[in-house]
$ cat input.txt   # compact mmCIF, C-alpha atoms and all ligand atoms
# COMPACT_ATOMS: atom_id res chain seq x y z
CA MET A 64 -68.10 -22.29 -88.79
CA VAL A 65 -65.72 -24.69 -90.29
CA GLN A 66 -64.04 -23.35 -93.29
CA LYS A 67 -63.38 -25.71 -96.07
CA GLY A 68 -61.25 -25.62 -99.15
CA LYS A 69 -58.46 -23.71 -97.57
CA GLY A 70 -55.92 -26.29 -98.52
CA SER A 71 -55.04 -24.66 -101.79
CA GLU A 72 -54.33 -21.35 -100.11
CA HIS A 73 -51.95 -22.89 -97.69
CA VAL A 74 -48.59 -21.44 -98.55
CA LYS A 75 -46.20 -24.20 -99.14
CA TYR A 76 -42.72 -23.11 -98.19
CA LYS A 77 -40.92 -23.23 -101.42
CA ARG A 78 -38.19 -20.94 -102.58
CA PHE A 79 -38.21 -19.70 -106.09
CA MET A 80 -35.49 -21.83 -107.48
CA ARG A 81 -34.49 -23.23 -110.82
CA LYS A 82 -33.70 -26.85 -111.19
CA LYS A 83 -30.00 -27.34 -110.63
CA PHE A 84 -27.87 -29.11 -113.13
CA CYS A 85 -24.22 -29.77 -113.65
CA ARG A 86 -22.93 -27.16 -116.06
CA PHE A 87 -19.92 -29.23 -117.06
CA CYS A 88 -22.07 -32.22 -117.96
CA ALA A 89 -24.50 -30.00 -119.84
CA GLU A 90 -21.73 -28.36 -121.83
CA LYS A 91 -19.80 -31.57 -122.22
CA THR A 92 -16.64 -29.84 -121.01
CA PRO A 93 -13.75 -32.15 -121.86
CA PHE A 94 -11.88 -31.12 -118.71
CA ILE A 95 -11.93 -28.27 -116.24
CA ASP A 96 -9.01 -25.98 -116.88
CA TYR A 97 -7.29 -24.53 -113.82
CA LYS A 98 -6.22 -21.57 -115.97
CA ASP A 99 -9.83 -20.62 -116.68
CA THR A 100 -10.19 -18.52 -113.57
CA ARG A 101 -13.34 -16.87 -114.83
CA THR A 102 -15.18 -20.18 -114.69
CA LEU A 103 -13.56 -21.21 -111.40
CA LYS A 104 -14.58 -17.94 -109.79
CA SER A 105 -18.24 -18.74 -110.23
CA TYR A 106 -17.74 -21.80 -108.04
CA ILE A 107 -16.05 -20.09 -105.13
CA THR A 108 -17.26 -17.53 -102.62
CA GLU A 109 -16.02 -13.97 -102.52
CA ARG A 110 -13.64 -15.04 -99.83
CA GLY A 111 -12.26 -17.75 -102.02
CA LYS A 112 -13.86 -20.80 -100.48
CA GLN A 113 -15.20 -23.42 -102.81
CA LEU A 114 -18.98 -23.75 -102.95
CA PRO A 115 -20.53 -27.10 -102.09
CA SER A 116 -22.03 -29.05 -104.96
CA ARG A 117 -25.47 -28.99 -103.32
CA MET A 118 -25.51 -25.26 -103.98
CA THR A 119 -24.16 -25.29 -107.50
CA GLY A 120 -25.66 -28.53 -108.75
CA THR A 121 -22.31 -29.80 -109.95
CA CYS A 122 -22.16 -33.59 -110.16
CA ALA A 123 -19.76 -35.55 -107.98
CA ARG A 124 -17.27 -36.24 -110.74
CA HIS A 125 -17.04 -32.64 -111.86
CA GLN A 126 -16.98 -31.38 -108.29
CA ARG A 127 -13.84 -33.42 -107.74
CA GLU A 128 -12.33 -32.08 -110.94
CA LEU A 129 -13.26 -28.57 -109.90
CA THR A 130 -11.58 -29.00 -106.52
CA GLU A 131 -8.41 -30.12 -108.26
CA ALA A 132 -8.51 -27.16 -110.65
CA VAL A 133 -9.07 -24.68 -107.82
CA LYS A 134 -6.12 -26.15 -105.93
CA ARG A 135 -3.86 -25.79 -108.94
CA ALA A 136 -4.99 -22.24 -109.57
CA ARG A 137 -4.34 -21.35 -105.94
CA ASN A 138 -0.94 -22.97 -106.01
CA ILE A 139 0.20 -20.68 -108.79
CA ALA A 140 -1.52 -17.59 -107.33
CA LEU A 141 -4.20 -17.29 -109.99
CA LEU A 142 -6.72 -17.61 -107.17
CA SER A 143 -6.37 -16.76 -103.52
CA PHE A 144 -6.61 -19.06 -100.57
CA MET A 145 -9.49 -18.36 -98.27
CA GLU A 146 -9.39 -14.88 -96.85
CA LYS A 147 -10.06 -14.30 -93.20
CA MET Q 276 7.16 -39.21 -123.71
CA ASN Q 277 4.72 -37.29 -121.55
CA TYR Q 278 3.03 -33.99 -122.02
CA TYR Q 279 3.56 -31.32 -119.41
CA GLU Q 280 2.29 -27.88 -118.70
CA ASN Q 281 4.56 -25.54 -116.82
CA ILE Q 282 3.91 -22.13 -115.33
CA VAL Q 283 6.90 -20.15 -114.13
CA ILE Q 284 6.61 -16.90 -112.22
CA LEU Q 285 9.52 -14.53 -112.66
CA ASP Q 286 10.41 -11.45 -110.70
CA ALA Q 287 8.21 -8.70 -112.15
CA ALA Q 288 11.08 -6.22 -111.82
CA LEU Q 289 13.00 -8.13 -114.48
CA GLU Q 290 13.67 -6.23 -117.69
CA ASP Q 291 12.70 -7.62 -121.07
CA THR Q 292 16.21 -8.88 -121.72
CA GLY Q 293 16.11 -10.77 -118.44
CA ILE Q 294 12.82 -12.36 -119.41
CA ASP Q 295 14.19 -13.35 -122.81
CA ALA Q 296 17.21 -14.88 -121.12
CA ALA Q 297 15.12 -16.80 -118.58
CA GLU Q 298 12.83 -18.12 -121.27
CA LYS Q 299 15.79 -19.23 -123.33
CA ARG Q 300 17.43 -20.94 -120.40
CA ILE Q 301 14.26 -22.92 -119.70
CA THR Q 302 13.63 -23.95 -123.31
CA ASP Q 303 17.30 -24.86 -123.73
CA LEU Q 304 17.16 -27.18 -120.75
CA ILE Q 305 13.95 -28.83 -121.94
CA GLU Q 306 15.52 -29.45 -125.32
CA LYS Q 307 18.74 -30.67 -123.78
CA MET Q 308 16.69 -33.25 -121.87
CA GLN Q 309 15.27 -34.56 -125.17
CA GLY Q 310 12.09 -32.57 -124.76
CA GLU Q 311 10.25 -30.43 -127.23
CA VAL Q 312 8.53 -27.15 -126.42
CA LEU Q 313 5.12 -27.19 -128.09
CA LYS Q 314 3.79 -23.87 -126.85
CA HIS Q 315 5.17 -20.98 -124.96
CA GLU Q 316 3.25 -17.93 -123.93
CA ARG Q 317 4.02 -14.81 -121.99
CA TRP Q 318 1.13 -13.80 -119.85
CA GLY Q 319 3.13 -10.85 -118.66
CA ARG Q 320 3.06 -9.05 -115.35
CA ARG Q 321 0.12 -9.94 -113.17
CA LYS Q 322 -0.83 -9.23 -109.64
CA LEU Q 323 -0.52 -12.39 -107.56
CA SER Q 324 -3.62 -13.50 -105.68
CA TYR Q 325 -1.49 -13.66 -102.58
CA GLU Q 326 2.00 -12.60 -101.67
CA ILE Q 327 4.77 -15.09 -102.39
CA ASN Q 328 8.18 -14.46 -100.83
CA LYS Q 329 7.39 -10.75 -100.54
CA HIS Q 330 6.40 -10.55 -104.20
CA GLU Q 331 3.07 -8.96 -104.97
CA LYS Q 332 3.45 -9.20 -108.72
CA GLY Q 333 5.04 -11.66 -111.04
CA TYR Q 334 5.82 -12.15 -114.68
CA TYR Q 335 4.06 -15.31 -115.82
CA LEU Q 336 5.57 -17.63 -118.39
CA PHE Q 337 3.62 -20.59 -119.67
CA PHE Q 338 5.09 -23.61 -121.43
CA VAL Q 339 3.65 -26.77 -122.85
CA PHE Q 340 6.21 -29.40 -123.68
CA LYS Q 341 6.65 -33.02 -124.53
CA SER Q 342 9.49 -34.82 -122.83
CA PRO Q 343 10.59 -38.01 -121.13
CA PRO Q 344 9.75 -38.01 -117.42
CA THR Q 345 13.48 -37.78 -116.64
CA ALA Q 346 13.46 -34.14 -117.78
CA ILE Q 347 11.34 -33.00 -114.86
CA LYS Q 348 13.83 -33.37 -112.04
CA PRO Q 349 16.56 -31.26 -113.70
CA LEU Q 350 13.97 -28.66 -114.60
CA GLU Q 351 12.80 -28.44 -110.99
CA GLU Q 352 16.41 -28.23 -109.86
CA LEU Q 353 16.97 -25.34 -112.22
CA TYR Q 354 13.93 -23.46 -110.92
CA LYS Q 355 15.06 -23.90 -107.34
CA VAL Q 356 18.40 -22.24 -107.95
CA PHE Q 357 17.49 -19.88 -110.77
CA ASP Q 358 17.19 -16.47 -109.14
CA PRO Q 359 14.56 -14.77 -111.34
CA VAL Q 360 12.13 -17.65 -110.66
CA PHE Q 361 10.29 -17.51 -107.37
CA LYS Q 362 7.45 -19.89 -108.09
CA PHE Q 363 6.75 -22.65 -110.58
CA MET Q 364 4.31 -25.46 -111.20
CA ILE Q 365 4.75 -28.41 -113.53
CA ILE Q 366 1.72 -30.51 -114.33
CA LYS Q 367 1.56 -33.74 -116.22
CA LEU Q 368 -1.31 -33.62 -118.67
CA ARG Q 369 -3.96 -36.29 -118.48
CA LYS Q 370 -5.41 -38.06 -121.46
CA LYS Q 371 -8.27 -35.65 -122.05
CA GLU Q 372 -5.97 -32.68 -121.71
CA VAL Q 373 -3.55 -34.19 -124.20
CA ILE Q 374 -6.35 -34.72 -126.70
CA ALA Q 375 -7.48 -31.11 -126.33
CA LEU Q 376 -3.88 -29.96 -126.66
CA GLN Q 377 -3.38 -31.91 -129.86
CA SER Q 378 -6.42 -30.40 -131.50
CA SER Q 379 -5.32 -26.93 -130.44
CA LEU Q 380 -1.86 -27.56 -131.89
CA GLN Q 381 -3.43 -28.72 -135.14
CA ALA Q 382 -5.47 -25.55 -135.23
CA MET Q 383 -2.31 -23.51 -134.70
CA GLU Q 384 -0.57 -25.35 -137.51
CA ALA Q 385 -3.51 -24.88 -139.84
CA LYS Q 386 -3.48 -21.19 -139.06
CA ALA Q 387 0.26 -20.93 -139.66
CA ALA Q 388 -0.09 -22.81 -142.94
CA GLU Q 389 -2.87 -20.49 -143.97
CA GLN Q 390 -0.72 -17.46 -143.29
CA ALA Q 391 2.20 -18.99 -145.18
CA ALA Q 392 -0.01 -19.74 -148.19
CA PRO Q 393 -2.88 -17.26 -148.19
CA ASP Q 394 -4.11 -18.44 -151.59
CA VAL Q 395 -5.13 -21.82 -150.30
CA VAL Q 396 -8.66 -21.92 -148.95
CA THR Q 397 -8.59 -23.63 -145.59
CA ASP Q 398 -11.87 -22.43 -144.17
CA VAL Q 399 -13.30 -25.90 -143.79
CA VAL Q 400 -10.32 -27.09 -141.79
CA LYS Q 401 -10.32 -24.01 -139.65
CA ASP Q 402 -13.98 -24.34 -138.75
CA SER Q 403 -13.78 -27.99 -137.88
CA VAL Q 404 -10.98 -27.54 -135.38
CA GLY Q 405 -11.74 -24.01 -134.26
CA GLU Q 406 -14.27 -25.05 -131.68
CA ALA Q 407 -11.88 -27.18 -129.71
CA VAL Q 408 -9.46 -24.37 -129.11
CA VAL Q 409 -9.59 -23.11 -125.58
CA PRO Q 410 -7.67 -19.91 -124.95
CA SER Q 411 -5.17 -20.83 -122.32
CA VAL Q 412 -4.57 -17.33 -121.04
CA PRO Q 413 -6.72 -16.66 -117.99
CA ALA Q 414 -9.62 -14.48 -118.87
CA GLU Q 415 -8.86 -11.58 -116.63
CA THR Q 416 -5.17 -11.15 -117.44
CA ALA Q 417 -5.54 -7.45 -117.96
CA GLU Q 418 -7.73 -6.96 -114.94
CA PRO Q 419 -6.11 -4.80 -112.27
CA ALA Q 420 -5.79 -5.77 -108.66
CA GLU Q 421 -8.94 -6.54 -106.81
ZN ZN A 501 -20.96 -33.13 -114.26

$ encode --input "input.txt" --output "structure tokens"
Amino acid sequence: MVQKGKGSEHVKYKRFMRKKFCRFCAEKTPFIDYKDTRTLKSYITERGKQLPSRMTGTCARHQRELTEAVKRARNIALLSFMEK
Amino acid sequence: MNYYENIVILDAALEDTGIDAAEKRITDLIEKMQGEVLKHERWGRRKLSYEINKHEKGYYLFFVFKSPPTAIKPLEELYKVFDPVFKFMIIKLRKKEVIALQSSLQAMEAKAAEQAAPDVVTDVVKDSVGEAVVPSVPAETAEPAE
């Protein structure tokens, strides 16, 4: 027997995920401060590597600014370089 | 005139008098080079995120100053030969950072004026500029080593 109407039961592979958005655009952050390590830390891994924008939703402009801020913070030892 | 932000890391073993002296030497040089120190903060002893020249800790000084670009070279030269300093970073502020700095300086002035003349009601002023003030001390200053 041919079963019909199964289409709706077909599990579409979709992760439970919120829509990503750029936090800095949303909050209208005037600039990303390299001294604000609490914010920077949410954009780097535990090992200290910066997260790609496709994971965080950060827009291209702010991702560049973020990279700059992370570099400055690392330079002055407020953040670590990547750990092995 | 440009606006600069400058972090200096001093030997954490330095006593308070040594820190006073270092701070004075830096501000004196900035002023001698026709600069003006707009802010200076002591973040105190912090654990470094990585070892620098065998130092695991450092005493952080933070300056914001206005000066002609010619002041930077002598300042860097000082840091290179000044023993208590083992790391420094001077950053030229961009337009947006300068704007944020100016509003934070205004807020500081308003606050100082309020303290000098407590009778004057300055609530309106305080509220209008208060939002723009970003605390410049890193959030986890007091946090111990990770
Ligand atoms: Zn953005």

$ atom_distance --input "input.txt" --atom1 "atom CA of Q:Met276" --atom2 "atom CA of Q:Phe340"
9.9 Å

$ atom_distance --input "input.txt" --atom1 "atom CA of A:Glu128" --atom2 "atom CA of Q:Lys362"
23.4 Å

$ residues_around --input "input.txt" --residues "A:Thr108" --least-positions-apart "2" --cutoff "12 Å" --atoms "only C-alpha atoms" --output "PDB file with C-alpha atoms, in the coordinates of the input"
ATOM      1  CA  LEU A 103     -13.560 -21.210-111.400  1.00  0.00           C
ATOM      2  CA  LYS A 104     -14.580 -17.940-109.790  1.00  0.00           C
ATOM      3  CA  SER A 105     -18.240 -18.740-110.230  1.00  0.00           C
ATOM      4  CA  TYR A 106     -17.740 -21.800-108.040  1.00  0.00           C
ATOM      5  CA  ARG A 110     -13.640 -15.040 -99.830  1.00  0.00           C
ATOM      6  CA  GLY A 111     -12.260 -17.750-102.020  1.00  0.00           C
ATOM      7  CA  LYS A 112     -13.860 -20.800-100.480  1.00  0.00           C
ATOM      8  CA  GLN A 113     -15.200 -23.420-102.810  1.00  0.00           C
ATOM      9  CA  LEU A 114     -18.980 -23.750-102.950  1.00  0.00           C
ATOM     10  CA  PRO A 115     -20.530 -27.100-102.090  1.00  0.00           C
ATOM     11  CA  MET A 118     -25.510 -25.260-103.980  1.00  0.00           C
ATOM     12  CA  THR A 119     -24.160 -25.290-107.500  1.00  0.00           C
ATOM     13  CA  LEU A 142      -6.720 -17.610-107.170  1.00  0.00           C
ATOM     14  CA  SER A 143      -6.370 -16.760-103.520  1.00  0.00           C
ATOM     15  CA  PHE A 144      -6.610 -19.060-100.570  1.00  0.00           C
ATOM     16  CA  MET A 145      -9.490 -18.360 -98.270  1.00  0.00           C
ATOM     17  CA  GLU A 146      -9.390 -14.880 -96.850  1.00  0.00           C
TER      18      GLU A 146
END

$ residues_near_ligand --input "input.txt" --ligand "ligand ZN 501 (chain A)" --cutoff "8 Å" --atoms "all atoms listed in the file" --output "list in words"
Cys85, Arg86, Phe87, Cys88, Ala89, Thr121, Cys122, Ala123, Arg124, His125 and Gln126 of chain A

$ residues_around --input "input.txt" --residues "Q:Phe338" --least-positions-apart "4" --cutoff "6 Å" --atoms "all atoms listed in the file" --output "PyMOL selection string"
chain Q and resi 280-281+314-315

$ closest_residue --input "input.txt" --among "Q:Glu389, Q:Asp286, Q:Asp295, Q:Asp303" --to "Q:Leu353" --atoms "all atoms listed in the file"
Q:Asp303

$ closest_residue --input "input.txt" --among "Q:Lys386, Q:Lys332, Q:Lys341, Q:Arg300" --to "chain A" --atoms "only C-alpha atoms"
Q:Lys332
